[in-house]
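Working notes for the structure below.
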Amino acid sequence: MATVNMDRLLQACITQDASDIHLTVGRPPVFRLDGRIRSLETKVLEPDDTTSLMKSITPDRCQQELQEEGGTDFGFAFGDQGRFRVAVFKQKGSIAMVLRLIPSKIMSLDEIGLPKICAALCRRPRGMFLVTGPTGSGKTTTLAAMINYINETLDHHIITMEDPIEYYHNHKKSVVNQREVGVDVPSFAEALRRVLRQDPDAILVGELRDLETIESAIRAAETGHLVFSTLHTTSASGTVTRIIDVFPPNQQEQIRTQLSTNLIAVLSQALCPRASGKGRVAAYEFMVVTPAIGNLIRENKAYRIDSSIQTGKKLGMQLLDDHLWQLYDTEMITMDEMLDKARNPGYLQDKAMNKDGKAKRKAGGEDEEVREILRT
């Protein structure tokens, strides 16, 4: 029987512009194309197939971690055609893998469609800028664009801490040092503990995973550094609440005060397949920490942040649902996609029904109005 070849899979992924490859026993290899799962027309994978595919690309240290912990993550380059971030794990006693294709080209802030003020915030001398959203929402791509903007425009020392390194940054106007957790340093917390002695201007922390990492990141922002990081939250106000809730109750008031003065912005994003079926578009919620929002954080009134975002449109602020509506209204995404990603789907559905109802009434003219009166 024909075997599945890893090189051919990687090549096909790049050629077809898929974002992920899924390899698991009992199914043929699967690609994620424009956010949707598609099976390849090849053989159904057996335990021996996934094991040999794993061994063909997984470093020895990661194979050892897989045996001990039941899972491992690493990044690797496929020649000069692209880089992949790989998650290997065990399921039902067999090996399964997910390979995420990291685009070789780093997009600009404009290409991603970020609010104009993002560039100005990247030039700030200190503070914490968080990019949040569910897995696969493009957080890494957005952060890479921001780091690249600093690299091209400012003479800074940039240090990144990633698990694993995804986008490679060349030295441009800035000096860029990238540290990989598990290769160059044992943990994010350890990397952050050492970073302040390395004369950084900008610091990228791949993920705020635990209390120690969050505490160190806030301290780095407080001591005069620009810190970028990610969290798996779906709103700006939810991000503030999540950070504070990680700390024990007796520290929460102090953390609220620190956040109110050190957090500069939160960008929450979701990736939506385009209505045309080709490509994806990002929907954003964006909060800049103004003095008014800083006060809400300090006074434990995160529930009022959304209304402050709505009144901050001149700074580029917007709620996720408002941006989803814009994308639906301009026919870039479908109604189902808007409702799937919305924080308040009921409200948006009513809004869409009213819009469609008005359009139909307009098309039907007076007859429709007469029917409406008779119905009531």
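Lettering and numbering for the structure tokens are positional, with chains as A, B, ... in the shown order, residues counted from 1 in each chain, and ligands counted from 1 in the shown order.
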
Would you mind listing what lies within 8 Å of Ile218 in chain A as a tab-separated table (two decimals) with N, CA and C atoms, in the first residue's frame, with only C-alpha atoms counted and same-chain residues fewer than 4 positions away left out?
chain	number	residue	atom	x	y	z
A	128	MET	N	2.35	48.01	28.20
A	128	MET	CA	2.03	46.64	27.77
A	128	MET	C	0.92	46.66	26.74
A	214	ILE	N	2.86	36.66	34.09
A	214	ILE	CA	2.07	37.91	34.04
A	214	ILE	C	2.72	38.97	34.95
A	222	GLU	N	6.50	48.25	33.69
A	222	GLU	CA	6.58	49.29	34.72
A	222	GLU	C	7.98	49.91	34.78
A	258	GLN	N	-1.55	48.79	39.02
A	258	GLN	CA	-0.43	48.64	38.08
A	258	GLN	C	-0.93	48.56	36.64
A	259	LEU	N	-2.02	47.78	36.43
A	259	LEU	CA	-2.56	47.65	35.07
A	259	LEU	C	-3.07	48.98	34.54
A	262	ASN	N	-0.02	50.84	33.36
A	262	ASN	CA	0.95	50.21	32.45
A	262	ASN	C	0.35	49.59	31.19

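Near Ile264 in chain A, within 10 Å and counting only C-alpha atoms, sit A:Leu121, A:Cys122, A:Arg124, A:Arg126, A:Gly127, A:Met128, A:Phe129, A:Leu130, A:Ala221, A:Leu226, A:Val227, A:Met287, A:Val288, A:Val289, A:Thr290, A:Gly294, not including residues fewer than 6 positions from it in the same chain.
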
Just the selected residues (all heavy atoms), exported as a CSV table (one decimal), in the first residue's frame, please.
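And here's result.csv as it stands now:
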chain,number,residue,atom,x,y,z
A,121,LEU,N,1.2,53.6,18.9
A,121,LEU,CA,1.4,52.8,20.1
A,121,LEU,C,2.7,52.0,20.1
A,121,LEU,O,3.3,51.8,21.2
A,121,LEU,CB,0.2,52.0,20.4
A,121,LEU,CG,-1.1,52.7,20.6
A,121,LEU,CD1,-2.3,51.7,20.7
A,121,LEU,CD2,-1.1,53.6,21.9
A,122,CYS,N,3.1,51.5,18.9
A,122,CYS,CA,4.3,50.7,18.8
A,122,CYS,C,5.6,51.6,19.1
A,122,CYS,O,6.6,51.0,19.3
A,122,CYS,CB,4.4,50.0,17.5
A,122,CYS,SG,3.2,48.7,17.3
A,124,ARG,N,5.7,53.8,21.5
A,124,ARG,CA,5.7,54.2,22.9
A,124,ARG,C,6.9,53.7,23.5
A,124,ARG,O,7.4,52.6,23.2
A,124,ARG,CB,4.5,53.6,23.6
A,124,ARG,CG,3.1,54.3,23.3
A,124,ARG,CD,3.0,55.5,24.2
A,124,ARG,NE,1.6,56.0,24.1
A,124,ARG,CZ,0.6,55.6,25.0
A,124,ARG,NH1,0.8,54.8,25.9
A,124,ARG,NH2,-0.6,56.1,24.8
A,126,ARG,N,7.3,52.8,26.7
A,126,ARG,CA,7.0,51.8,27.8
A,126,ARG,C,5.5,51.4,27.8
A,126,ARG,O,4.7,52.1,27.2
A,126,ARG,CB,7.4,52.3,29.1
A,126,ARG,CG,6.8,53.7,29.5
A,126,ARG,CD,7.1,54.1,30.9
A,126,ARG,NE,6.5,53.4,31.9
A,126,ARG,CZ,5.2,53.6,32.3
A,126,ARG,NH1,4.5,54.5,31.7
A,126,ARG,NH2,4.6,52.8,33.2
A,127,GLY,N,5.2,50.3,28.5
A,127,GLY,CA,3.8,49.9,28.6
A,127,GLY,C,3.6,48.5,28.0
A,127,GLY,O,4.5,47.9,27.5
A,128,MET,N,2.4,48.0,28.2
A,128,MET,CA,2.0,46.6,27.8
A,128,MET,C,0.9,46.7,26.7
A,128,MET,O,-0.1,47.3,27.0
A,128,MET,CB,1.6,45.8,29.0
A,128,MET,CG,1.5,44.3,28.7
A,128,MET,SD,1.7,43.3,30.1
A,128,MET,CE,0.2,43.6,31.0
A,129,PHE,N,1.2,46.0,25.6
A,129,PHE,CA,0.2,45.9,24.5
A,129,PHE,C,-0.2,44.5,24.3
A,129,PHE,O,0.7,43.6,24.0
A,129,PHE,CB,0.9,46.5,23.2
A,129,PHE,CG,-0.1,46.7,22.1
A,129,PHE,CD1,0.0,47.9,21.3
A,129,PHE,CD2,-1.0,45.8,21.7
A,129,PHE,CE1,-0.9,48.2,20.3
A,129,PHE,CE2,-1.9,46.0,20.6
A,129,PHE,CZ,-1.8,47.2,19.9
A,130,LEU,N,-1.4,44.1,24.5
A,130,LEU,CA,-1.9,42.7,24.5
A,130,LEU,C,-2.7,42.5,23.2
A,130,LEU,O,-3.6,43.2,22.9
A,130,LEU,CB,-2.7,42.4,25.7
A,130,LEU,CG,-1.9,42.5,27.1
A,130,LEU,CD1,-2.9,42.2,28.2
A,130,LEU,CD2,-0.7,41.6,27.1
A,221,ALA,N,7.1,46.2,32.0
A,221,ALA,CA,6.4,47.4,31.4
A,221,ALA,C,6.6,48.6,32.4
A,221,ALA,O,6.8,49.7,32.0
A,221,ALA,CB,4.9,47.1,31.2
A,226,LEU,N,8.7,48.4,26.5
A,226,LEU,CA,7.5,48.1,25.8
A,226,LEU,C,7.3,46.6,25.7
A,226,LEU,O,8.2,45.9,25.1
A,226,LEU,CB,7.6,48.8,24.4
A,226,LEU,CG,6.3,48.7,23.5
A,226,LEU,CD1,5.1,49.4,24.2
A,226,LEU,CD2,6.6,49.3,22.1
A,227,VAL,N,6.2,46.1,26.2
A,227,VAL,CA,6.0,44.6,26.3
A,227,VAL,C,4.8,44.3,25.4
A,227,VAL,O,3.7,44.8,25.6
A,227,VAL,CB,5.8,44.2,27.7
A,227,VAL,CG1,5.5,42.7,27.8
A,227,VAL,CG2,7.0,44.6,28.6
A,287,MET,N,-9.1,48.5,22.2
A,287,MET,CA,-9.2,49.4,23.3
A,287,MET,C,-7.9,50.0,23.6
A,287,MET,O,-6.9,49.4,23.7
A,287,MET,CB,-9.6,48.6,24.6
A,287,MET,CG,-9.6,49.4,25.8
A,287,MET,SD,-10.0,48.4,27.3
A,287,MET,CE,-8.3,47.8,27.7
A,288,VAL,N,-7.9,51.4,23.6
A,288,VAL,CA,-6.7,52.1,24.0
A,288,VAL,C,-7.0,52.6,25.5
A,288,VAL,O,-8.1,53.1,25.8
A,288,VAL,CB,-6.5,53.4,23.1
A,288,VAL,CG1,-5.3,54.2,23.6
A,288,VAL,CG2,-6.4,53.0,21.7
A,289,VAL,N,-6.0,52.4,26.3
A,289,VAL,CA,-6.2,52.7,27.8
A,289,VAL,C,-6.1,54.3,27.9
A,289,VAL,O,-5.0,54.8,28.1
A,289,VAL,CB,-5.3,51.9,28.7
A,289,VAL,CG1,-5.6,52.3,30.2
A,289,VAL,CG2,-5.6,50.4,28.5
A,290,THR,N,-7.2,54.9,27.9
A,290,THR,CA,-7.2,56.4,28.1
A,290,THR,C,-7.3,56.6,29.6
A,290,THR,O,-7.5,55.7,30.4
A,290,THR,CB,-8.5,57.0,27.5
A,290,THR,OG1,-9.6,56.3,28.1
A,290,THR,CG2,-8.5,56.8,26.0
A,294,GLY,N,-8.4,53.9,32.3
A,294,GLY,CA,-7.5,53.6,33.4
A,294,GLY,C,-8.2,53.7,34.8
A,294,GLY,O,-8.0,52.8,35.7

Against range 194-210 of chain A, which residues of range 233-280 of chain A fall within 12 Å? For each one I want the closest pair of atoms and the distance in Å (one decimal), counting only C-alpha atoms, rows by chain and increasing residue number, as a tab-separated table.
residue	atom	partner	partner_atom	distance
A:Thr233	CA	A:Leu208	CA	11.2
A:Thr239	CA	A:Leu208	CA	11.2
A:Arg242	CA	A:Leu208	CA	10.8
A:Ile243	CA	A:Leu208	CA	9.0
A:Ile244	CA	A:Asp210	CA	11.8
A:Asp245	CA	A:Asp210	CA	11.3
A:Val246	CA	A:Asp210	CA	7.6
A:Phe247	CA	A:Asp210	CA	9.6

Selected residue, from A:Ile158, A:Val183, A:Leu143, A:Met317, that lies nearest to Cys62 in chain A when counting only C-alpha atoms: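 Closest to Cys62 in chain A, using only C-alpha atoms: A:Val183.
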
Strand (DSSP E) per DSSP on the backbone: members of range 64-290 of chain A, as number ranges by chain: A: 71-78, 82-91, 94-102, 127-132, 157-162, 175-180, 202-205, 226-231, 263-273, 280-288
